[in-house]
Each structure stands twice: as C-alpha cells, then as structure tokens.
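Data from final-v9.csv: CSV, C-alpha atoms
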chain,number,residue,atom,x,y,z
A,11,MET,CA,124.1,140.2,75.2
A,12,ILE,CA,124.5,136.7,73.7
A,13,ASP,CA,126.4,134.3,75.9
A,14,ASP,CA,129.0,132.6,73.8
A,15,SER,CA,131.2,131.3,76.6
A,16,PRO,CA,131.6,127.5,77.1
A,17,PRO,CA,128.7,126.2,79.1
A,18,LYS,CA,129.3,125.1,82.7
A,19,ALA,CA,128.0,122.1,84.5
A,20,PHE,CA,124.8,122.8,86.4
A,21,PRO,CA,124.0,122.8,89.3
A,22,PHE,CA,127.2,124.6,90.1
A,23,HIS,CA,129.7,123.0,92.5
A,24,GLY,CA,131.2,124.6,95.6
A,25,SER,CA,129.9,125.9,98.9
A,26,GLU,CA,126.6,127.7,99.0
A,27,SER,CA,128.4,131.0,99.3
A,28,GLU,CA,130.5,130.3,96.2
A,29,VAL,CA,127.4,129.2,94.3
A,30,LEU,CA,125.5,132.3,95.3
A,31,SER,CA,128.5,134.5,94.2
A,32,GLU,CA,128.3,132.9,90.7
A,33,LEU,CA,124.6,133.2,90.5
A,34,ALA,CA,124.8,136.9,91.5
A,35,TRP,CA,127.4,137.5,88.8
A,36,LEU,CA,125.1,135.9,86.2
A,37,ARG,CA,122.1,137.9,87.3
A,38,GLU,CA,124.1,141.1,86.7
A,39,ASN,CA,125.9,140.1,83.5
A,40,ARG,CA,124.4,137.0,81.8
A,41,PRO,CA,120.8,136.5,83.2
A,42,LEU,CA,120.2,133.9,80.5
A,43,THR,CA,123.2,131.7,79.9
A,44,ARG,CA,123.9,128.2,78.6
A,45,VAL,CA,124.7,125.3,81.0
A,46,VAL,CA,125.0,121.5,80.9
A,47,VAL,CA,122.7,119.5,83.1
A,48,LEU,CA,123.1,116.1,84.6
A,49,SER,CA,121.6,114.4,81.6
A,50,GLY,CA,124.3,115.9,79.4
A,51,HIS,CA,122.0,118.3,77.6
A,52,GLU,CA,123.0,121.9,77.0
A,53,ILE,CA,120.1,124.2,78.0
A,54,TRP,CA,119.4,127.8,79.1
A,55,LEU,CA,119.7,128.9,82.7
A,56,ALA,CA,117.5,131.8,83.9
A,57,THR,CA,118.7,133.6,87.0
A,58,ARG,CA,116.7,136.9,87.2
A,59,TYR,CA,113.4,137.1,89.1
A,60,GLN,CA,111.4,138.7,86.3
A,61,ASP,CA,112.6,136.1,83.7
A,62,ALA,CA,112.0,133.3,86.2
A,63,ARG,CA,108.4,134.4,87.0
A,64,ARG,CA,107.6,134.9,83.3
A,65,ILE,CA,108.9,131.5,82.3
A,66,LEU,CA,107.1,129.7,85.1
A,67,GLY,CA,103.8,131.5,84.3
A,68,ASP,CA,103.9,131.7,80.5
A,69,PRO,CA,101.8,129.0,78.7
A,70,ARG,CA,104.3,129.1,75.9
A,71,PHE,CA,106.6,127.1,78.2
A,72,GLY,CA,105.7,123.5,79.0
A,73,VAL,CA,107.2,120.8,81.1
A,74,PRO,CA,109.7,118.4,79.5
A,75,LYS,CA,109.0,114.7,79.8
A,76,GLU,CA,112.0,113.7,82.0
A,77,ALA,CA,111.2,110.0,81.6
A,78,HIS,CA,112.0,110.2,77.9
A,79,PRO,CA,115.6,109.1,77.3
A,80,ASP,CA,116.4,112.1,75.0
A,81,SER,CA,114.8,114.7,77.3
A,82,PRO,CA,116.9,117.0,79.5
A,83,ARG,CA,116.6,116.2,83.1
A,84,LEU,CA,117.9,117.4,86.5
A,85,ASN,CA,117.8,113.9,88.1
A,86,ALA,CA,120.9,111.8,87.7
A,87,VAL,CA,118.6,108.7,87.4
A,88,PRO,CA,115.7,109.2,85.0
A,89,PHE,CA,112.2,108.3,86.1
A,90,ASP,CA,110.6,105.2,84.5
A,91,ALA,CA,108.0,106.1,82.0
A,92,ASP,CA,105.1,104.8,84.2
A,93,PHE,CA,106.4,106.4,87.4
A,94,PRO,CA,103.9,108.9,88.9
A,95,VAL,CA,105.3,112.4,88.7
A,96,LEU,CA,102.7,115.2,88.7
A,97,ARG,CA,105.1,118.0,87.8
A,98,GLN,CA,105.7,116.3,84.4
A,99,LEU,CA,102.2,116.8,83.2
A,100,ASP,CA,100.9,119.6,81.1
A,101,PRO,CA,97.3,120.8,80.3
A,102,PRO,CA,94.8,119.4,80.0
A,103,ASP,CA,95.9,116.5,82.2
A,104,HIS,CA,97.7,118.5,84.8
A,105,PRO,CA,94.8,120.8,85.9
A,106,ARG,CA,92.3,118.0,85.7
A,107,ILE,CA,94.3,115.8,88.0
A,108,ARG,CA,95.5,118.6,90.3
A,109,ASN,CA,92.0,119.8,90.8
A,110,VAL,CA,91.1,116.4,92.4
A,111,LEU,CA,93.8,116.9,95.0
A,112,ALA,CA,93.6,120.7,95.5
A,113,PRO,CA,90.4,120.8,97.7
A,114,ALA,CA,92.3,119.0,100.5
A,115,PHE,CA,94.9,121.8,100.5
A,116,THR,CA,92.8,124.9,100.8
A,117,VAL,CA,93.8,127.4,103.4
A,118,ARG,CA,90.7,126.7,105.4
A,119,ARG,CA,91.2,122.9,105.5
A,120,ILE,CA,94.9,123.1,106.2
A,121,GLU,CA,94.2,125.5,109.1
A,122,ARG,CA,92.1,122.8,110.7
A,123,ILE,CA,95.2,120.5,111.0
A,124,ARG,CA,97.4,123.2,112.7
A,125,PRO,CA,96.6,121.6,116.1
A,126,LEU,CA,97.7,118.2,114.8
A,127,VAL,CA,101.0,119.7,113.5
A,128,ARG,CA,101.5,121.2,117.0
A,129,GLN,CA,100.9,117.7,118.6
A,130,VAL,CA,103.5,116.2,116.3
A,131,ALA,CA,106.0,118.9,117.0
A,132,ASP,CA,105.4,118.6,120.8
A,133,ARG,CA,105.8,114.8,120.6
A,134,LEU,CA,109.2,115.2,118.8
A,135,LEU,CA,110.4,117.7,121.4
A,136,ASP,CA,109.2,115.4,124.2
A,137,THR,CA,111.6,112.8,122.9
A,138,MET,CA,114.4,115.4,122.5
A,139,ALA,CA,113.8,116.6,126.1
A,140,GLU,CA,113.9,113.1,127.5
A,141,THR,CA,117.2,112.2,125.8
A,142,GLY,CA,119.1,115.6,125.8
A,143,PRO,CA,120.7,117.9,126.2
A,144,PRO,CA,122.7,118.0,124.0
A,145,ALA,CA,120.4,117.2,121.1
A,146,ASP,CA,120.4,117.5,117.3
A,147,LEU,CA,117.7,119.6,115.8
A,148,VAL,CA,118.1,118.0,112.4
A,149,SER,CA,117.8,114.3,113.2
A,150,GLY,CA,115.4,114.9,116.2
A,151,TYR,CA,113.1,117.6,114.8
A,152,ALA,CA,113.5,119.0,111.3
A,153,ASP,CA,114.0,115.7,109.5
A,154,PRO,CA,111.1,113.7,111.0
A,155,LEU,CA,108.6,116.5,111.2
A,156,PRO,CA,107.2,116.4,107.6
A,157,ALA,CA,106.8,112.6,107.4
A,158,ALA,CA,105.3,112.5,110.9
A,159,VAL,CA,102.7,115.2,110.0
A,160,VAL,CA,101.7,113.3,106.9
A,161,CYS,CA,101.3,110.0,108.8
A,162,ALA,CA,99.3,111.6,111.6
A,163,TRP,CA,97.1,113.6,109.1
A,164,GLN,CA,96.4,110.5,106.8
A,165,LYS,CA,96.1,108.1,109.8
A,166,LEU,CA,99.1,106.0,108.7
A,167,PRO,CA,100.9,103.9,111.3
A,168,GLU,CA,103.5,105.8,113.2
A,169,ARG,CA,106.1,103.2,112.3
A,170,ASP,CA,105.8,104.3,108.7
A,171,VAL,CA,107.4,107.6,109.5
A,172,ASP,CA,110.9,106.0,109.5
A,173,ARG,CA,110.1,104.1,106.2
A,174,ILE,CA,109.0,107.3,104.4
A,175,ARG,CA,112.0,109.2,105.7
A,176,SER,CA,114.5,106.5,104.6
A,177,TRP,CA,112.9,106.2,101.2
A,178,ASN,CA,113.0,109.9,100.6
A,179,ALA,CA,116.6,110.1,101.8
A,180,ALA,CA,117.6,107.4,99.4
A,181,VAL,CA,116.0,108.8,96.3
A,182,ASN,CA,117.2,112.3,97.1
A,183,GLY,CA,120.6,111.5,98.3
A,184,ALA,CA,123.8,110.1,96.8
A,185,SER,CA,122.5,106.6,96.3
A,186,SER,CA,123.5,104.4,93.3
A,187,ALA,CA,121.2,104.4,90.3
A,188,GLU,CA,120.1,100.8,91.1
A,189,ARG,CA,119.3,101.7,94.7
A,190,ILE,CA,117.2,104.7,93.6
A,191,ARG,CA,115.3,102.6,91.1
A,192,THR,CA,114.7,99.9,93.7
A,193,VAL,CA,113.5,102.5,96.3
A,194,ARG,CA,111.2,104.1,93.8
A,195,ARG,CA,109.5,100.7,93.1
A,196,GLN,CA,109.1,100.2,96.9
A,197,MET,CA,107.5,103.7,97.2
A,198,LEU,CA,105.1,102.9,94.4
A,199,HIS,CA,104.2,99.5,95.9
A,200,TYR,CA,103.5,101.3,99.2
A,201,VAL,CA,101.2,103.7,97.4
A,202,ILE,CA,99.3,100.8,95.7
A,203,GLU,CA,98.9,99.1,99.1
A,204,LEU,CA,97.5,102.3,100.6
A,205,ILE,CA,95.0,102.6,97.8
A,206,ALA,CA,93.9,99.0,98.3
A,207,ALA,CA,93.6,99.5,102.1
A,208,ARG,CA,91.4,102.6,101.7
A,209,ARG,CA,89.2,100.8,99.2
A,210,ALA,CA,88.6,98.0,101.7
A,211,ALA,CA,88.1,100.4,104.6
A,212,PRO,CA,87.4,104.0,103.7
A,213,GLY,CA,88.1,106.7,106.3
A,214,ASP,CA,87.8,110.5,106.6
A,215,ASP,CA,91.4,111.0,105.3
A,216,VAL,CA,92.4,112.5,102.0
A,217,ILE,CA,93.6,109.2,100.5
A,218,SER,CA,90.0,107.8,100.9
A,219,SER,CA,88.6,110.9,99.2
A,220,LEU,CA,91.0,110.4,96.3
A,221,VAL,CA,90.0,106.8,96.0
A,222,ALA,CA,86.3,107.8,96.0
A,223,ALA,CA,87.1,110.4,93.2
A,224,ARG,CA,88.4,107.5,91.1
A,225,ASP,CA,85.8,104.8,92.0
A,226,GLU,CA,82.6,106.9,92.4
A,227,ARG,CA,83.1,109.7,89.9
A,228,GLY,CA,85.7,108.4,87.5
A,229,ALA,CA,87.6,111.7,87.9
A,230,VAL,CA,91.0,110.1,87.4
A,231,SER,CA,92.4,106.8,86.1
A,232,GLU,CA,94.0,104.2,88.3
A,233,ARG,CA,97.5,105.4,87.4
A,234,GLU,CA,96.5,109.0,88.0
A,235,LEU,CA,95.2,108.0,91.4
A,236,ALA,CA,98.6,106.7,92.2
A,237,VAL,CA,100.1,110.0,91.0
A,238,LEU,CA,97.9,111.9,93.5
A,239,VAL,CA,98.6,109.5,96.5
A,240,PHE,CA,102.3,109.5,95.8
A,241,GLN,CA,102.3,113.3,95.7
A,242,LEU,CA,100.4,113.5,99.0
A,243,VAL,CA,102.6,111.0,100.9
A,244,PHE,CA,106.1,111.7,99.5
A,245,SER,CA,106.4,115.2,98.0
A,246,ALA,CA,108.7,117.9,99.4
A,247,HIS,CA,109.8,116.2,102.7
A,248,VAL,CA,113.5,116.7,102.0
A,249,ALA,CA,113.1,120.3,100.9
A,250,LEU,CA,110.8,121.2,103.9
A,251,SER,CA,113.1,119.5,106.5
A,252,SER,CA,116.2,121.1,105.0
A,253,LEU,CA,114.5,124.6,104.9
A,254,LEU,CA,113.4,124.2,108.5
A,255,ALA,CA,116.9,123.2,109.7
A,256,SER,CA,118.5,126.2,107.9
A,257,ALA,CA,115.9,128.6,109.3
A,258,LEU,CA,116.4,127.3,112.8
A,259,SER,CA,120.2,127.6,112.3
A,260,ASP,CA,119.8,131.3,111.4
A,261,LEU,CA,117.7,132.0,114.4
A,262,LEU,CA,120.2,130.3,116.7
A,263,ARG,CA,123.2,132.0,115.2
A,264,HIS,CA,121.5,135.4,115.7
A,265,PRO,CA,120.0,135.5,119.2
A,266,GLU,CA,118.4,138.9,118.6
A,267,LEU,CA,116.2,137.3,116.0
A,268,TRP,CA,115.3,134.4,118.3
A,269,GLU,CA,114.3,136.8,121.0
A,270,ARG,CA,112.2,139.0,118.7
A,271,LEU,CA,110.2,136.0,117.6
A,272,ARG,CA,110.0,134.5,121.1
A,273,SER,CA,108.6,137.8,122.5
A,274,ASP,CA,106.2,138.4,119.6
A,275,HIS,CA,104.7,135.4,117.9
A,276,THR,CA,102.7,137.6,115.5
A,277,LEU,CA,106.0,138.2,113.6
A,278,ILE,CA,106.3,134.5,112.8
A,279,PRO,CA,104.2,134.3,109.6
A,280,VAL,CA,106.0,137.2,107.9
A,281,ALA,CA,109.4,135.8,109.2
A,282,VAL,CA,108.6,132.4,107.7
A,283,GLU,CA,108.0,134.0,104.3
A,284,GLU,CA,111.5,135.5,104.5
A,285,MET,CA,112.9,132.2,105.5
A,286,LEU,CA,111.2,130.5,102.6
A,287,ARG,CA,112.8,133.1,100.3
A,288,VAL,CA,116.3,132.9,101.6
A,289,HIS,CA,116.4,129.1,102.2
A,290,THR,CA,115.0,127.9,98.9
A,291,VAL,CA,117.4,124.9,99.4
A,292,LEU,CA,116.8,123.7,95.8
A,293,ARG,CA,120.3,123.8,94.1
A,294,ASP,CA,119.0,123.5,90.5
A,295,GLY,CA,115.5,124.6,89.6
A,296,HIS,CA,112.5,123.9,87.4
A,297,LEU,CA,112.7,122.7,83.8
A,298,ARG,CA,110.6,124.2,81.1
A,299,ILE,CA,110.6,123.7,77.3
A,300,ALA,CA,109.6,126.4,74.8
A,301,ARG,CA,106.6,125.6,72.7
A,302,GLU,CA,107.4,128.5,70.4
A,303,ASP,CA,110.1,131.1,70.1
A,304,VAL,CA,110.1,133.4,73.2
A,305,THR,CA,112.3,136.5,73.5
A,306,LEU,CA,113.5,137.5,77.0
A,307,GLY,CA,115.6,140.7,76.9
A,308,ASP,CA,118.1,140.2,74.1
A,309,VAL,CA,117.9,136.4,74.1
A,310,THR,CA,115.5,134.4,72.1
A,311,ILE,CA,114.7,130.9,73.4
A,312,ARG,CA,113.8,128.9,70.3
A,313,ALA,CA,110.9,126.5,70.1
A,314,GLY,CA,112.0,123.1,71.5
A,315,GLU,CA,114.8,124.5,73.6
A,316,THR,CA,114.8,123.9,77.4
A,317,VAL,CA,115.4,126.3,80.2
A,318,VAL,CA,116.1,125.7,83.9
A,319,VAL,CA,114.7,128.4,86.2
A,320,SER,CA,116.9,129.0,89.2
A,321,VAL,CA,114.6,129.9,92.1
A,322,HIS,CA,117.7,129.9,94.3
A,323,SER,CA,118.9,132.8,92.3
A,324,ALA,CA,115.6,134.6,91.5
A,325,ASN,CA,114.8,134.8,95.2
A,326,ARG,CA,118.0,136.8,95.8
A,327,ASP,CA,117.4,139.3,93.0
A,328,ALA,CA,118.1,142.7,94.6
A,329,ALA,CA,115.8,144.4,92.1
A,330,VAL,CA,112.8,142.7,93.8
A,331,PHE,CA,114.3,141.9,97.3
A,332,PRO,CA,116.5,144.8,98.4
A,333,ALA,CA,118.6,144.2,101.4
A,334,PRO,CA,117.4,146.1,104.6
A,335,HIS,CA,119.9,148.4,106.2
A,336,ASP,CA,119.5,146.7,109.5
A,337,GLY,CA,119.1,143.2,108.1
A,338,VAL,CA,121.0,140.1,109.4
A,339,GLY,CA,123.4,138.5,106.9
A,340,CYS,CA,122.6,134.8,106.2
A,341,ALA,CA,125.5,134.3,103.7
A,342,PRO,CA,128.1,137.0,104.0
A,343,GLY,CA,128.0,139.5,101.2
A,344,HIS,CA,125.0,137.9,99.5
A,345,GLU,CA,121.7,138.4,101.3
A,346,HIS,CA,120.0,139.6,104.4
A,347,LEU,CA,117.2,138.2,106.5
A,348,ASP,CA,114.5,140.8,107.0
A,349,LEU,CA,111.9,139.4,109.4
A,350,GLU,CA,109.5,142.2,108.4
A,351,ARG,CA,109.8,142.1,104.6
A,352,ALA,CA,106.4,142.6,103.1
A,353,PRO,CA,105.3,142.0,100.4
A,354,ASN,CA,107.5,139.0,99.8
A,355,PRO,CA,106.7,137.6,96.3
A,356,HIS,CA,109.3,134.8,96.5
A,357,LEU,CA,109.1,131.9,94.0
A,358,THR,CA,110.0,129.1,96.5
A,359,PHE,CA,106.6,127.4,95.8
A,360,GLY,CA,106.9,128.1,92.1
A,361,HIS,CA,104.5,130.1,90.0
A,362,GLY,CA,101.8,129.4,87.5
A,363,ILE,CA,99.9,126.2,87.0
A,364,HIS,CA,102.6,124.1,88.6
A,365,ARG,CA,102.8,126.2,91.8
A,366,CYS,CA,103.0,123.8,94.8
A,367,VAL,CA,99.6,122.7,95.8
A,368,ALA,CA,100.8,122.1,99.4
A,369,ALA,CA,102.2,125.6,99.9
A,370,HIS,CA,100.0,126.5,102.9
A,371,LEU,CA,100.7,123.1,104.5
A,372,ASN,CA,104.4,123.9,104.3
A,373,ARG,CA,103.8,127.3,105.8
A,374,VAL,CA,101.8,125.9,108.7
A,375,GLU,CA,104.4,123.3,109.4
A,376,LEU,CA,107.2,125.8,109.5
A,377,GLN,CA,105.3,128.4,111.5
A,378,THR,CA,104.1,125.8,114.1
A,379,ALA,CA,107.6,124.1,114.4
A,380,ILE,CA,109.1,127.5,115.2
A,381,VAL,CA,106.3,128.5,117.7
A,382,VAL,CA,106.5,125.2,119.5
A,383,LEU,CA,110.3,125.2,119.7
A,384,LEU,CA,110.4,128.8,121.0
A,385,GLY,CA,107.9,128.0,123.7
A,386,ARG,CA,109.5,124.7,124.8
A,387,PHE,CA,113.2,125.7,125.0
A,388,PRO,CA,113.4,129.5,125.4
A,389,SER,CA,117.1,129.3,126.3
A,390,LEU,CA,118.0,127.1,123.3
A,391,ARG,CA,121.5,127.8,121.9
A,392,PRO,CA,124.1,126.1,119.8
A,393,ALA,CA,126.0,123.4,121.6
A,394,SER,CA,129.4,124.8,120.6
A,395,ALA,CA,131.0,127.9,119.2
A,396,GLU,CA,130.0,128.5,115.6
A,397,GLU,CA,131.8,126.3,113.1
A,398,GLU,CA,131.5,125.9,109.3
A,399,ARG,CA,128.2,124.2,108.7
A,400,THR,CA,128.3,120.7,107.2
A,401,TRP,CA,125.9,119.6,104.6
A,402,LYS,CA,124.2,116.3,103.6
A,403,ALA,CA,125.1,114.7,100.3
A,404,LEU,CA,122.0,115.9,98.5
A,405,PRO,CA,122.6,116.4,94.7
A,406,ARG,CA,119.6,118.7,94.3
A,407,ALA,CA,119.3,120.5,97.6
A,408,TYR,CA,121.1,122.1,100.5
A,409,GLY,CA,120.5,120.3,103.8
A,410,LEU,CA,122.3,120.7,107.1
A,411,ALA,CA,123.8,117.5,108.3
A,412,ALA,CA,123.4,118.4,112.0
A,413,LEU,CA,122.4,121.2,114.3
A,414,PRO,CA,123.6,120.4,117.8
A,415,VAL,CA,121.9,122.4,120.6
A,416,VAL,CA,121.7,122.7,124.4
A,417,TRP,CA,119.3,124.5,126.7
Please express what this file holds, its structure, as structure tokens.
Amino acid sequence: MIDDSPPKAFPFHGSESEVLSELAWLRENRPLTRVVVLSGHEIWLATRYQDARRILGDPRFGVPKEAHPDSPRLNAVPFDADFPVLRQLDPPDHPRIRNVLAPAFTVRRIERIRPLVRQVADRLLDTMAETGPPADLVSGYADPLPAAVVCAWQKLPERDVDRIRSWNAAVNGASSAERIRTVRRQMLHYVIELIAARRAAPGDDVISSLVAARDERGAVSERELAVLVFQLVFSAHVALSSLLASALSDLLRHPELWERLRSDHTLIPVAVEEMLRVHTVLRDGHLRIAREDVTLGDVTIRAGETVVVSVHSANRDAAVFPAPHDGVGCAPGHEHLDLERAPNPHLTFGHGIHRCVAAHLNRVELQTAIVVLLGRFPSLRPASAEEERTWKALPRAYGLAALPVVW
C-alpha cells in the first residue's frame, strides 16, 4: 500500500508509550511511510524488523553524509565537514578504518577487562553506600559507569570521567547549536591531546596501539586516527547509561525478576539481551540512502532517496519477538520482558558493516553492573511508591532522569 498521507515529524513526540503505539500501528498498516526529519527533509521510515534488517545489511544502501548541508540528518546541529564520525563512512574507507579498531574489541580481549569493569562498578557503589540511603541509581551508577570504564581501561585520569560525561550530556541534550559546536571542538581537541600524549609516552592501551597503526604502519591517516580515538573515548555513553537505568528500573519495579536474577546469575547474559531489545533507547534510528532502486514489499525506494530505520520499532515486531504468556509488561499493552528469550536477534547494535564494534563491551558492562548491584544491595528497592517516570531532555534517546532507591 502506498502511503499518501501527510508526513509527520520524526522522531514522534509524546510519551514512550504513545510513541510505541504509533510505531505499532505503522508496523501493521504502513511499514514504510514518509516522515520529515529534523533537517526538514522528507524521507522514508521503516518500522518492521525484516525491512530494517534488510536495509541495514544491503550494500545497495549507503550512509548519507550528514555534514553536507543538503543531506538529511537526525541531528539538530549538523556535524562540521571535518568532524570525525565513523558511522558516516562507506566502503572502502569504513572497513579499512574499522579494521584497525576492531582487534581491541574481540570477545576474548573484552573478557579480559571484565574484572576492571567490576572494580569500577564496586567503586561507584562504595560511594553510593557511603552517602546513602537514599541514593539515585542514575546519577550515582548508570550515568558515570561507561565513562569511568573507558577512563580506567585506557588509563586516563579519573578526573576526566566528569569531563567526558559533561561533554556527552551537552552534545546529546537540549543544548543550543552554538554550545554543541563549542563542545564538539573541545572533544576533538581532547582527542588530539590524547594522541600527542601517547606518541610521547606509549603504553599498553588501545589508544597507543592506534597511534602505532598510524605512525608505524601507515594504516590510517592522521584525521582517521582522530576518528578512531574519538570513537573509542566518546561513543555510546549516553545510550548505554540510559539503557542500564531503564533495565534497573524494570527489575526494581518487578521484584520477582530481581529475585530470579539474584538467585541465579547464569540467567543474566540472556536477560541482558532482552533488556537490550526492549530498551533500545534510540528515539529515531539509522539513516541509509539508496544507491539504486530497491523494492520492499509494495514500496520502491528510489535511488537517491533516504530511509530511517527505526530499531525502536523493529525490536518490538511481534512477528520476530512474540510476547511470552508469562512475560512481565514493560510498557503496558506494547511489549513484554522475557528473561529467557532465546534466540534474541535484536538490532540494538545495528546490522551489517556498521554494526557496533563495541557490542561485547556494552554487554560486559551491563552484565557486570547488574551482577555487582545484585550482590551489593540484595534488598534494594524503590525509594517511594511507583510514580510516572521522568525523562531527561534528550532529543534522540530515552533516558531516565532519576531512579531513587533505598536498601
């Protein structure tokens, strides 16, 4: 069916429940529809899982250059043309550059830092125990964890945790355009300083290995080196902390789930996959541009047209993720949390050549954060009767503003 209705602004406005209702209707009735994104361009929106997976994995779709003034974009403030953004690269540059970073993120190497992640989580909970109860799991645990892990892993000063957090909050929040541009320049300057420091005194960290790839093997250019270090230090903090906060909120609102995981830690890896599916947190999605005409169902996306893939919707497609009869509702009427769902082919980390290189690191951080919290505060519970959750002002993601607890 051809969608001839007036296009709506995307991402959709309203509560998460309202947005999920609209996405569910589109999956059933108009899986490919026209929307208008923040740059003012009218593009396609894909909401079904099979379409999403195909678009993300099909080489006939490339990534648009969001820095170009005439290109559709999901960011309110466009990137400068020379700003390092790995996801805006296509072959042959993307695989060549990504392959320099990928060895640091193999499952085997990431598993080696699991004890370090535990140390970071323990340290954050030490502080929470000293100052509480009550305590806020968002500001005291979920928010600082990703930046603290990166700083510990890459041997960056602990004082840099707050700087990295504040920069990420500024560029991903409701900041003015000028503020976002200023912070992006500060982040890039920080990256350039890190590269210079590792050149002067190499270590056994990933940044030093990336500098060596540039200086000793010529594997990447100086600008591409900045792309990689930027990706390593700054990527996905807001999404990961938001996802962790939402997952912990679900467990606390459903004590039976909390108790199941506390009594059997072997369930946690599978449970984390389900949390990754349900709490995609990304409000919009991934942009792709058709290199040639591509037909999906009864819709043809013409060469040169852009489509945004809604992972938030695709991960809730009942054709792939049926609701369990005994599942726990996470958003009334929309989805269920099944801690034993397997297989779980969610698209939270993307699909195809642009799939998140740090997927296993994110898994390890989530699994470890939950394990440590369960062990430290077995009687943890919400600080007050359940109320409507409040959200941060994040244009592109859902992030809990606070999660007050006692124990």
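Distance-wise, atom CA of A:Leu134 and atom CA of A:Ala152 end up 9.4 Å apart.
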Original post:
With distances taken over only C-alpha atoms, which of A:Pro167, A:Pro414, A:Pro279, A:Pro388 is nearest to A:Leu204?
Top reply: A:Pro167
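Every protein, DNA or RNA residue with an atom at most 8 Å from A:Pro156, where all atoms listed in the file count and chain neighbours fewer than 6 positions away do not, is listed here: His247, Leu250, Ser251 and Glu375 of chain A.
As for atom CA of A:Leu220 and atom CA of A:Ala379, they are spaced 28.1 Å apart.
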Original post:
Do you have the atom CA of A:Ser176-atom CA of A:Ala86 distance handy?
Top reply: 18.8 Å
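Using all atoms listed in the file, the nearest neighbour of A:Thr400 within the list A:Ser218, A:Gln98, A:Ser25, A:Gln377 is A:Ser25.
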Subject >> Residue among A:Glu350, A:Asp80, A:Glu234, A:Asp294 lying closest to A:Val321, counting all atoms listed in the file >> reply: A:Asp294
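Comparing the minimum interatomic distances between A:Ile65 and each of A:Val367, A:Ile190, A:Ala145, A:Leu42, counting all atoms listed in the file, we find that A:Leu42 sits nearest.
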Subject >> Among the residues A:Val280, A:Leu383, A:Val159, A:Arg293, the one that comes closest to A:Gly24 [using only C-alpha atoms] >> reply: A:Arg293
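Residue nearest A:Asn109, chosen from A:Arg301, A:Arg399, A:Arg133, A:His364 and counting only C-alpha atoms: A:His364.
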